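Participant: Below is a structure I'd like to ask you about.
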Protein chains: 4
Amino acid sequence: MSEVFRLQSKVRDYELDMQGIVNNGVYFNYLEHARHEYLLAKGVDFAALTAQGIHLVVIRSELDYKNSLKSGDEFVVQVELERISKVKFGFRQKVIRVADEKLCVEGLVIGTALNERGRPYISPEIEALFSA
Amino acid sequence: MSEVFRLQSKVRDYELDMQGIVNNGVYFNYLEHARHEYLLAKGVDFAALTAQGIHLVVIRSELDYKNSLKSGDEFVVQVELERISKVKFGFRQKVIRVADEKLCVEGLVIGTALNERGRPYISPEIEALFSA
Amino acid sequence: MSEVFRLQSKVRDYELDMQGIVNNGVYFNYLEHARHEYLLAKGVDFAALTAQGIHLVVIRSELDYKNSLKSGDEFVVQVELERISKVKFGFRQKVIRVADEKLCVEGLVIGTALNERGRPYISPEIEALFSA
Amino acid sequence: MSEVFRLQSKVRDYELDMQGIVNNGVYFNYLEHARHEYLLAKGVDFAALTAQGIHLVVIRSELDYKNSLKSGDEFVVQVELERISKVKFGFRQKVIRVADEKLCVEGLVIGTALNERGRPYISPEIEALFSA
């Protein structure tokens with residue numbers, strides 16, 4: 001069974017749009033940051049890989065927006081990893097409001113890793129994510 | 001047959017991330033801006049609706065990332081509207097690089113409209129989008 | 001003597017630009033978020049004031065960029081408030097990298113408060129910031 | 001006499017904050033994009049320089065916020081270059097609303113160029129900006 005990584009943050013007011021709620025595009029930022037923190041906790045350093053010419057890239061995202069975050073809200077972003085194919089991995093992610101535990105966004109973000117020639121390349125660190 | 005709305009823009013360097021490509025989250029911004037411009041061209045003013053307490057909101061997005069945009073790239077965002085149910089509408093969207101006409105992102109963004117009490121409410125302007 | 005408010009955060013990778021450092025514009029976000037958290041800690045809720053039609057606005061900013069933040073860096077944003085005139089207040093702010101206590105950005109952000117007619121209006125909550 | 005470069009754009013709704021106006025931090029983005037377009041028009045490609053290890057960086061910014069941009073506003077960003085010292089250059093910039101020619105933001109952004117060892121290095125392309 002896969003474990004769930006959790007990262008807690010607080011809404012920043014510049015992330016709100018004219019509706020007074022966190023803009024849809026910002027959730028992608030929240031989700032990305034939580035994925036990178038998850039990877040780092042597992043020994044996969046996104047920035048170090050980038051510097052080596054290995055690019056972790058998103059190839060598909062599916063997000064459902066259920067409830068909105070507002071000014072002052074604390075939230076947790078969850079990350080759960082699953083293998084989708086030899087070269088694709090999926091992050092099941094949720095954004096949950098702390099105050100009432102309401103689900104705000106949930107989704108699946110599918111990624112792969114590319115080497116300097118743009119070919120799929122699952123490096124040993126990334127492979128190790130699935131071998132535990 | 002539904003017509004296709006097109007909006008051309010150019011990548012701004014602050015939209016790039018450490019990989020030197022437009023960050024995934026930024027495509028959400030591109031797609032939103034094109035949807036709002038499309039709606040405005042059709043007589044639906046997002047900001048004016050917001051001021052009246054009618055909130056157009058995204059409830060689901062599915063995006064496929066095919067190719068990356070880089071510094072200096074010009075791109076076109078396409079918008080095509082379809083009715084999904086009485087209270088849901090879908091925007092089929094594409095981001096196409098101008099130089100080689102490569103598809104960079106394509107996706108479906110599903111939205112609805114909510115009144116001040118948070119209830120689905122398809123105002124006459126929005127209804128008119130489908131009656132042409 | 002005025003006290004110093006501190007807020008610690010961590011760089012998020014989407015905040016980096018193609019140079020692999022936090023983009024200049026992002027510091028403005030960091031500074032704003034710290035100002036709002038400072039104000040909230042003092043009983044001034046930016047979002048609640050906005051909902052009442054009182055808009056806290058920035059009228060001038062002066063920022064010196066000394067060192068860059070990178071992926072993984074933790075940093076502290078400092079906020080110190082000073083009265084500049086009857087209707088203007090200044091926030092002296094610093095962004096300091098935690099690892100080596102290097103100053104990354106320092107600056108002065110000058111703001112005022114406007115009522116619904118766009119006139120300067122220092123509400124009692126804001127006035128109280130200076131009376132301690 | 002130095003000439004003035006102009007770049008016209010339109011506010012994008014995701015750039016607005018809860019006050020319904022363009023967020024202060026976004027003007028930094030507008031100004032940066034205009035600077036890069038100005039430089040490109042003069043033969044200085046920011047991204048190409050970055051790839052060569054020459055980093056153009058901002059060391060100071062002073063901005064005055066005069067009027068706010070809102071949803072739907074078209075605006076022009078002006079750029080005028082001046083030499084400040086052997087290794088520092090200044091961009092005098094203005095953001096002007098098209099509809100009424102009101103000045104929204106004006107400021108001075110001071111930059112330098114650094115080589116791979118972090119030393120000031122004014123490359124020939126950059127030097128040429130001042131020799132016309």
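Numbering starts fresh at 1 for the residues of each chain in the structure tokens, the chains themselves are lettered A, B, ... in the order given, and ligands are numbered from 1 as they appear.
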Extract, using only C-alpha atoms, all DNA, RNA and protein residues at most 8 Å from range 81-98 of chain A, discarding same-chain residues fewer than 4 positions from it, and format them as a list of chain:residue names.
Facilitator: A:Ser2, A:Leu31, A:Arg35, A:Leu69, A:Asp73, A:Glu74, A:Phe75, A:Val76, A:Val77, A:Lys102, A:Leu103, A:Cys104, A:Val105, A:Glu106, A:Gly107, A:Leu108, A:Val109, A:Ile110, A:Gly111, A:Thr112, A:Ala113, A:Pro120, A:Tyr121, A:Ile122, A:Phe130
Participant: Would you export the selected residues with N, CA and C atoms as a PDB file, in the first residue's frame, please?
Facilitator:
ATOM      1  N   SER A   2       0.479   2.185  -0.819  1.00  0.00           N
ATOM      2  CA  SER A   2       1.273   3.405  -0.920  1.00  0.00           C
ATOM      3  C   SER A   2       0.947   4.340   0.248  1.00  0.00           C
ATOM      4  N   LEU A  31      -0.047  22.089  -6.141  1.00  0.00           N
ATOM      5  CA  LEU A  31       0.171  20.658  -6.392  1.00  0.00           C
ATOM      6  C   LEU A  31       1.624  20.398  -6.781  1.00  0.00           C
ATOM      7  N   ARG A  35       4.386  18.079  -4.869  1.00  0.00           N
ATOM      8  CA  ARG A  35       5.067  16.958  -5.543  1.00  0.00           C
ATOM      9  C   ARG A  35       6.578  17.066  -5.371  1.00  0.00           C
ATOM     10  N   LEU A  69     -10.812  27.798  -1.821  1.00  0.00           N
ATOM     11  CA  LEU A  69     -10.053  28.338  -0.703  1.00  0.00           C
ATOM     12  C   LEU A  69     -10.150  29.861  -0.744  1.00  0.00           C
ATOM     13  N   ASP A  73      -7.302  30.861   4.697  1.00  0.00           N
ATOM     14  CA  ASP A  73      -7.465  29.401   4.821  1.00  0.00           C
ATOM     15  C   ASP A  73      -6.124  28.679   4.892  1.00  0.00           C
ATOM     16  N   GLU A  74      -6.058  27.723   5.794  1.00  0.00           N
ATOM     17  CA  GLU A  74      -4.946  26.771   5.839  1.00  0.00           C
ATOM     18  C   GLU A  74      -5.395  25.549   5.042  1.00  0.00           C
ATOM     19  N   PHE A  75      -4.451  24.894   4.389  1.00  0.00           N
ATOM     20  CA  PHE A  75      -4.816  23.704   3.603  1.00  0.00           C
ATOM     21  C   PHE A  75      -3.669  22.709   3.611  1.00  0.00           C
ATOM     22  N   VAL A  76      -4.029  21.461   3.367  1.00  0.00           N
ATOM     23  CA  VAL A  76      -3.039  20.398   3.242  1.00  0.00           C
ATOM     24  C   VAL A  76      -3.086  19.881   1.813  1.00  0.00           C
ATOM     25  N   VAL A  77      -1.925  19.694   1.229  1.00  0.00           N
ATOM     26  CA  VAL A  77      -1.861  19.036  -0.079  1.00  0.00           C
ATOM     27  C   VAL A  77      -1.329  17.629   0.136  1.00  0.00           C
ATOM     28  N   LYS A 102     -12.773  19.846   4.344  1.00  0.00           N
ATOM     29  CA  LYS A 102     -13.453  19.745   3.052  1.00  0.00           C
ATOM     30  C   LYS A 102     -12.414  19.544   1.952  1.00  0.00           C
ATOM     31  N   LEU A 103     -12.764  18.689   1.026  1.00  0.00           N
ATOM     32  CA  LEU A 103     -11.942  18.485  -0.161  1.00  0.00           C
ATOM     33  C   LEU A 103     -12.151  19.678  -1.092  1.00  0.00           C
ATOM     34  N   CYS A 104     -11.077  20.343  -1.478  1.00  0.00           N
ATOM     35  CA  CYS A 104     -11.181  21.505  -2.378  1.00  0.00           C
ATOM     36  C   CYS A 104     -10.868  21.099  -3.812  1.00  0.00           C
ATOM     37  N   VAL A 105      -9.762  20.405  -3.997  1.00  0.00           N
ATOM     38  CA  VAL A 105      -9.369  19.955  -5.341  1.00  0.00           C
ATOM     39  C   VAL A 105      -8.854  18.536  -5.211  1.00  0.00           C
ATOM     40  N   GLU A 106      -9.196  17.695  -6.181  1.00  0.00           N
ATOM     41  CA  GLU A 106      -8.507  16.402  -6.236  1.00  0.00           C
ATOM     42  C   GLU A 106      -8.165  16.114  -7.683  1.00  0.00           C
ATOM     43  N   GLY A 107      -7.106  15.355  -7.871  1.00  0.00           N
ATOM     44  CA  GLY A 107      -6.731  15.118  -9.246  1.00  0.00           C
ATOM     45  C   GLY A 107      -5.617  14.130  -9.390  1.00  0.00           C
ATOM     46  N   LEU A 108      -5.325  13.892 -10.660  1.00  0.00           N
ATOM     47  CA  LEU A 108      -4.255  12.982 -11.046  1.00  0.00           C
ATOM     48  C   LEU A 108      -3.332  13.751 -11.977  1.00  0.00           C
ATOM     49  N   VAL A 109      -2.054  13.764 -11.635  1.00  0.00           N
ATOM     50  CA  VAL A 109      -1.064  14.433 -12.483  1.00  0.00           C
ATOM     51  C   VAL A 109      -0.087  13.361 -12.947  1.00  0.00           C
ATOM     52  N   ILE A 110      -0.004  13.189 -14.266  1.00  0.00           N
ATOM     53  CA  ILE A 110       0.834  12.126 -14.824  1.00  0.00           C
ATOM     54  C   ILE A 110       2.105  12.739 -15.397  1.00  0.00           C
ATOM     55  N   GLY A 111       3.229  12.145 -15.033  1.00  0.00           N
ATOM     56  CA  GLY A 111       4.502  12.676 -15.498  1.00  0.00           C
ATOM     57  C   GLY A 111       5.415  11.609 -16.026  1.00  0.00           C
ATOM     58  N   THR A 112       6.505  12.076 -16.620  1.00  0.00           N
ATOM     59  CA  THR A 112       7.571  11.189 -17.045  1.00  0.00           C
ATOM     60  C   THR A 112       8.882  11.933 -16.840  1.00  0.00           C
ATOM     61  N   ALA A 113       9.986  11.263 -17.134  1.00  0.00           N
ATOM     62  CA  ALA A 113      11.291  11.915 -17.040  1.00  0.00           C
ATOM     63  C   ALA A 113      11.944  11.806 -18.407  1.00  0.00           C
ATOM     64  N   PRO A 120      12.385   9.414 -22.946  1.00  0.00           N
ATOM     65  CA  PRO A 120      12.029   8.971 -21.605  1.00  0.00           C
ATOM     66  C   PRO A 120      13.209   8.278 -20.945  1.00  0.00           C
ATOM     67  N   TYR A 121      13.486   8.654 -19.723  1.00  0.00           N
ATOM     68  CA  TYR A 121      14.617   8.071 -19.005  1.00  0.00           C
ATOM     69  C   TYR A 121      14.309   8.078 -17.509  1.00  0.00           C
ATOM     70  N   ILE A 122      14.063   6.899 -16.989  1.00  0.00           N
ATOM     71  CA  ILE A 122      13.750   6.774 -15.566  1.00  0.00           C
ATOM     72  C   ILE A 122      15.060   6.489 -14.834  1.00  0.00           C
ATOM     73  N   PHE A 130       9.640   3.474  -6.598  1.00  0.00           N
ATOM     74  CA  PHE A 130       8.630   2.420  -6.770  1.00  0.00           C
ATOM     75  C   PHE A 130       9.053   1.084  -6.176  1.00  0.00           C
TER      76      PHE A 130
END
Participant: Could I get the residues of chain D with an atom no further than 7 Å from an atom of chain C, each paired with its nearest atom pair and that distance in Å to one decimal, using only C-alpha atoms, sorted by chain and residue number, as JSON lines?
Facilitator:
{"residue": "D:Gln19", "atom": "CA", "partner": "C:Thr50", "partner_atom": "CA", "distance": 6.5}
{"residue": "D:Gly25", "atom": "CA", "partner": "C:Phe28", "partner_atom": "CA", "distance": 5.2}
{"residue": "D:Phe28", "atom": "CA", "partner": "C:Gly25", "partner_atom": "CA", "distance": 5.1}
{"residue": "D:Asn29", "atom": "CA", "partner": "C:Gly25", "partner_atom": "CA", "distance": 6.0}
{"residue": "D:Thr50", "atom": "CA", "partner": "C:Gln19", "partner_atom": "CA", "distance": 6.5}
{"residue": "D:Val58", "atom": "CA", "partner": "C:Tyr65", "partner_atom": "CA", "distance": 6.8}
{"residue": "D:Ile59", "atom": "CA", "partner": "C:Tyr65", "partner_atom": "CA", "distance": 4.7}
{"residue": "D:Arg60", "atom": "CA", "partner": "C:Asp64", "partner_atom": "CA", "distance": 4.4}
{"residue": "D:Ser61", "atom": "CA", "partner": "C:Leu63", "partner_atom": "CA", "distance": 5.3}
{"residue": "D:Glu62", "atom": "CA", "partner": "C:Glu62", "partner_atom": "CA", "distance": 4.4}
{"residue": "D:Leu63", "atom": "CA", "partner": "C:Ser61", "partner_atom": "CA", "distance": 5.3}
{"residue": "D:Asp64", "atom": "CA", "partner": "C:Arg60", "partner_atom": "CA", "distance": 4.4}
{"residue": "D:Tyr65", "atom": "CA", "partner": "C:Ile59", "partner_atom": "CA", "distance": 4.7}
{"residue": "D:Lys66", "atom": "CA", "partner": "C:Ile59", "partner_atom": "CA", "distance": 6.7}
Participant: Can I get the selected residues back with N, CA and C atoms, as a compact mmCIF listing (two decimals), in the first residue's frame?
Facilitator:
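Result saved to selection_6.txt:
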# COMPACT_ATOMS: atom_id res chain seq x y z
N GLN D 19 -9.18 42.84 -4.73
CA GLN D 19 -9.68 44.21 -4.83
C GLN D 19 -10.21 44.50 -6.25
N GLY D 25 2.34 43.16 -7.48
CA GLY D 25 3.46 42.33 -7.93
C GLY D 25 3.44 42.09 -9.43
N PHE D 28 5.58 44.27 -11.81
CA PHE D 28 6.97 43.82 -12.00
C PHE D 28 7.06 42.92 -13.23
N ASN D 29 6.09 42.03 -13.37
CA ASN D 29 6.05 41.14 -14.53
C ASN D 29 5.89 41.94 -15.83
N THR D 50 21.43 34.04 -21.02
CA THR D 50 21.33 33.14 -19.86
C THR D 50 21.97 31.79 -20.20
N VAL D 58 18.44 42.29 -11.85
CA VAL D 58 17.96 43.55 -11.30
C VAL D 58 18.63 43.74 -9.94
N ILE D 59 19.16 44.92 -9.68
CA ILE D 59 19.75 45.16 -8.37
C ILE D 59 18.95 46.17 -7.53
N ARG D 60 18.12 46.95 -8.20
CA ARG D 60 17.26 47.88 -7.44
C ARG D 60 16.05 48.24 -8.29
N SER D 61 14.93 48.42 -7.62
CA SER D 61 13.74 48.94 -8.31
C SER D 61 13.07 49.97 -7.42
N GLU D 62 12.60 51.02 -8.05
CA GLU D 62 11.82 52.07 -7.37
C GLU D 62 10.57 52.27 -8.19
N LEU D 63 9.42 51.99 -7.61
CA LEU D 63 8.17 52.10 -8.37
C LEU D 63 7.16 52.97 -7.64
N ASP D 64 6.50 53.84 -8.39
CA ASP D 64 5.40 54.63 -7.85
C ASP D 64 4.11 54.18 -8.51
N TYR D 65 3.15 53.84 -7.67
CA TYR D 65 1.85 53.37 -8.13
C TYR D 65 0.87 54.53 -8.10
N LYS D 66 0.37 54.93 -9.25
CA LYS D 66 -0.45 56.14 -9.35
C LYS D 66 -1.93 55.82 -9.57
Participant: Which parts of chain B does DSSP call strand (DSSP E) when run on the backbone here, written out as JSON, numbers by chain?
Facilitator: {"B": [5, 6, 7, 8, 9, 10, 55, 56, 57, 58, 59, 60, 61, 62, 63, 64, 65, 74, 75, 76, 77, 78, 79, 80, 81, 82, 83, 89, 90, 91, 92, 93, 94, 95, 96, 97, 103, 104, 105, 106, 107, 108, 109, 110, 111, 112, 113, 114]}
Participant: CA of Lys70 in chain A to CA of Ile126 in chain B: how many Å, to one decimal?
Facilitator: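 For CA of Lys70 in chain A relative to CA of Ile126 in chain B, the distance reads 25.8 Å.
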